Amino acid sequence: MTVIDAEILSAGSGRRRTSIPQRVQPLAEVILAVDGLTVGTARADLVIDVSLEVRAGETLCLVGESGCGKSLTCLAAMGLTSEPLVVRNGHISFLGQSLSALGENQLADIRGRDMAMIFQDAMAALNPVRRVGMQIAEVLVVHRGLSWREAERRAIELIDSVGIPEPEVRSRAFPHQLSGGMCQRIMIAMALACRPKLLIADEATTALDVTTQAQILGLMRELQAETGAAMIFVTHDLGVVAEIADRVAVMYSGRVVETATVDELFEHPLHPYTRGLMACRLHATTTSHGRIAAIEGTVPSPSRRPAGCSFRPRCSFGTDACHSPPVLSRVVGDHRAACHFAGDFA
Amino acid sequence: MMRLQFILGKLLRGLLTLLLAVTFVFVVLRVSGDPVSMMLPDDTPPAIVAEYRVSLGLDKSLPEQYVRFIWSALHGDLGYSFRNDRPALTVVLERVPMTLLLGLSGFAITVVIGLLTGIAAALKRGTSIDHAAMAFSIFGHSMPNFFLAILMILLFSMTWRVLPSSGGATWWHLILPAVTLGIINAGTVARFTRSSMLEVLHQPYMRTARAKGLRLTRRVMSHAIPNAAIPVVTVLGLRLGGLIAGAVVIETVFAWPGIGLMLVNAVSQRDLPVVQTIVLLVALTMVVTNFVVDLTYGWLDPRIENRQSKEG
């Protein structure tokens with residue numbers, strides 16, 4: 001039985017916020033622009049021709065299954081790719097400046113100060129043998145030229161601001177002495193230390209329980225509203241997307257297959273893969289039917305992508321036309337999809 | 001409380017190690033040959049031989065000798081040297097400073113060369129620096145120490161005639177044995193440091209350090225090395241513990257007047273109390289350094305303290 005069929009698709013919208021005014025002014029400054037980014041190893045390309053744009057105050061969610069290239073896109077945007085990964089193509093401009101024109105030391109000056117990243121699994125992303133307060137303070141010492149004493153005092157304020165009780169005590173703790181949620185907050189405090197213009201959160205809440213996740217999402221929204229930072233939020237959780245996104249880019253097998261504002265995407269998903277994702281969400285209607293929807297098949301390995309559309313083997317609409325690669329193109333307004341039949345779904 | 005239990009456990013284990021080492025040497029030495037017949041000329045009348053045996057306490061049964069030995073050792077008496085009639089402990093302790101001088105100089109060379117080579121190799125992985133460092137490392141730990149020692153003597157003493165080859169009279173005499181000792185151990189340390197660094201460099205927190213905008217020097221100095229040091233300290237600790245024992249061969253080749261050379265002579269002369277004293281001393285340094293290494297762990301790795309108290 002085909003899982004992705006029209007009936008489920010039409011029921012695919014389960015957004016909590018029914019209509020919100022657009023928070024983003026169309027004229028806000030473009031913070032990060034990625035154009036035609038291709039990243040890969042010697043064997044295969046893992047990110048192919050990805051183009052993204054985030055503006056000040058805006059939250060862009062990158063959505064997709066594990067291994068679709070979301071995290072890698074973020075690393076490349078920070079200039080953090082390293083052997084065996086190679087950026088093969090593409091242009092990344094941050095605050096209007098091309099990153100490829102900068103040397104490693106100039107990049108280091110920008111990272112942590114103007115662009116910051118929050119990693120998945122904060123416990124492992126923090127240095128196990130250094131006190132968390134020191135790890136936060138280090139950012140301020142390096143980028144703001146504060147003295148250690150001053151920086152550590154500021155670190156305690158930051159720990160307080162991300163909602164950790166007893167910040168003086170916690171700042172002297174080692175990561176293993178804190179819970180996963182607290183480590184994640186420490187990471188957030190670290191990322192926000194210099195009030196960056198771009199915040200990239202890579203599955204920042206995935207490892208956390210639902211309550212903690214909600215608190216952290218709320219916290220990040222709050223801090224974003226305060227600093228006006230642009231945010232890229234990587235997740236595979238559509239509930240989180242609904243909660244936090246302004247715009248969404250759906251990735252599949254290394255490519256962006258659909259981008260739209262969050263409302264548009266949830267109400268009129270165009271790409272069959274996006275529709276599949278929407279159908280996979282658990283809600284009352286599906287459980288009452290007694291079965292959980294899933295997209296049949298698996299993501300092709302990057303070295304064995306089918307010719308043409310890489311979603312073809314799993315797609316219920318696949319035709320001969322799908323043997324030629326679809327281009328991410330405008331369907332309605334600013335809604336783009338990489339599917340030959342996207343226009344038919346609109 | 002946990003801490004005290006941990007320390008007591010370590011101490012107890014250390015004492016057991018000492019006892020085992022000394023017992024082993026005690027038994028093997030006595031089973032493998034008669035010290036008296038080694039000391040006296042072949043044509044000595046049997047009556048004199050017997051008299052010697054009695055005077056050295058070797059006429060008693062093995063268990064009796066053992067109990068006497070342990071009893072007096074507990075009172076700080078390790079017996080008299082068969083050879084020069086002075087307390088074995090005094091005879092041995094006289095030589096300790098020379099061994100320490102050689103051992104510590106060699107250790108310092110090991111630490112400096114080993115760590116620098118290992119760190120450089122890890123940071124420049126896959127380059128010619130890495131290959132050269134690893135070639136040096138393999139050279140270091142596959143080269144038999146006596147052979148390298150002989151090679152050094154051939155080159156520096158015989159061919160180029162720049163350094164003395166034997167004895168311990170001046171600082172110049174220290175150079176060849178210390179460098180030989182240093183190079184031999186540096187290979188292992190370099191290899192260990194490299195693999196430990198490589199492992200650490202791939203940890204998520206190193207990526208975080210880069211994402212924080214730290215430059216290479218700071219990432220290496222304050223994030224990579226403190227983590228990579230944890231396993232390397234074990235290896236260094238073992239080397240340090242083996243300082244006194246490890247120099248036996250080198251001391252012999254370079255005729256360095258330390259306890260290593262003394263041990264070799266004492267074994268061949270069947271000077272049992274001296275051998276026992278040296279073995280006890282060597283085992284003691286091993287136990288003490290291991291203990292110190294364990295304590296250092298807790299300081300280097302904050303996670304250890306936790307684990308220990310959980311175990312306890």
# chains A, B, ... in the order shown; residues from 1 in each chain; ligands from 1

call {"tool": "interface_residues", "arguments": {"of": "chain B", "to": "chain A", "cutoff": "8 Å", "atoms": "only C-alpha atoms", "output": "VMD selection string"}}
result
chain B and resid 203 to 208 210 to 215 223 226 to 227 300 to 303

call {"tool": "residues_around", "arguments": {"residues": "Pro84 (chain A)", "least_positions_apart": "4", "cutoff": "9 Å", "atoms": "only C-alpha atoms", "output": "ChimeraX atom specification"}}
result
/A:40-42

call {"tool": "write_last_selection", "arguments": {"atoms": "N, CA, C and O atoms", "output": "PDB file, in the first residue's frame"}}
result
ATOM      1  N   GLY A  40      31.568  17.292  -0.018  1.00  0.00           N
ATOM      2  CA  GLY A  40      31.617  15.843  -0.113  1.00  0.00           C
ATOM      3  C   GLY A  40      32.945  15.291   0.330  1.00  0.00           C
ATOM      4  O   GLY A  40      33.855  16.021   0.710  1.00  0.00           O
ATOM      5  N   THR A  41      33.022  13.965   0.287  1.00  0.00           N
ATOM      6  CA  THR A  41      34.293  13.291   0.529  1.00  0.00           C
ATOM      7  C   THR A  41      34.830  12.898  -0.835  1.00  0.00           C
ATOM      8  O   THR A  41      34.225  13.212  -1.862  1.00  0.00           O
ATOM      9  N   ALA A  42      35.926  12.185  -0.848  1.00  0.00           N
ATOM     10  CA  ALA A  42      36.496  11.745  -2.118  1.00  0.00           C
ATOM     11  C   ALA A  42      35.519  10.828  -2.849  1.00  0.00           C
ATOM     12  O   ALA A  42      35.484  10.774  -4.066  1.00  0.00           O
TER      13      ALA A  42
END

call {"tool": "atom_distance", "arguments": {"atom1": "CA of Ala73 (chain B)", "atom2": "CA of Val25 (chain B)"}}
result
14.3 Å

call {"tool": "atom_distance", "arguments": {"atom1": "CA of Ser303 (chain A)", "atom2": "CA of Asp237 (chain A)"}}
result
26.2 Å

call {"tool": "select_by_dssp", "arguments": {"residues": "region 19-104 of chain A", "states": "strand (DSSP E or B)", "output": "ChimeraX atom specification"}}
result
/A:30-40,45-55,59-63,86-94,97-98

call {"tool": "residues_around", "arguments": {"residues": "region 87-90 of chain A", "least_positions_apart": "6", "cutoff": "8 Å", "atoms": "only C-alpha atoms", "output": "list in words"}}
result
Val34, Asp35, Gly36, Leu37, Thr38, Val39, Gly40, Asp49, Ala76 and Thr81 of chain A

call {"tool": "residues_around", "arguments": {"residues": "Val235 (chain B)", "least_positions_apart": "3", "cutoff": "8 Å", "atoms": "only C-alpha atoms", "output": "PyMOL selection string"}}
result
chain B and resi 189+192+231-232+238-239

call {"tool": "write_last_selection", "arguments": {"atoms": "C-alpha atoms", "output": "short mmCIF file (atom, residue, chain, number, x, y, z; two decimals), in the first residue's frame"}}
result
data_model
loop_
_atom_site.label_atom_id
_atom_site.label_comp_id
_atom_site.auth_asym_id
_atom_site.auth_seq_id
_atom_site.Cartn_x
_atom_site.Cartn_y
_atom_site.Cartn_z
CA VAL B 189 56.09 7.94 24.44
CA PHE B 192 51.42 7.00 22.64
CA PRO B 231 46.70 8.24 29.06
CA VAL B 232 50.20 9.55 28.36
CA LEU B 238 55.62 3.51 34.20
CA ARG B 239 58.84 4.85 32.68
#

call {"tool": "residues_around", "arguments": {"residues": "region 281-290 of chain B", "least_positions_apart": "6", "cutoff": "9 Å", "atoms": "only C-alpha atoms", "output": "count of residues only"}}
result
17

call {"tool": "atom_distance", "arguments": {"atom1": "CA of Leu158 (chain A)", "atom2": "CA of Ile188 (chain A)"}}
result
9.2 Å
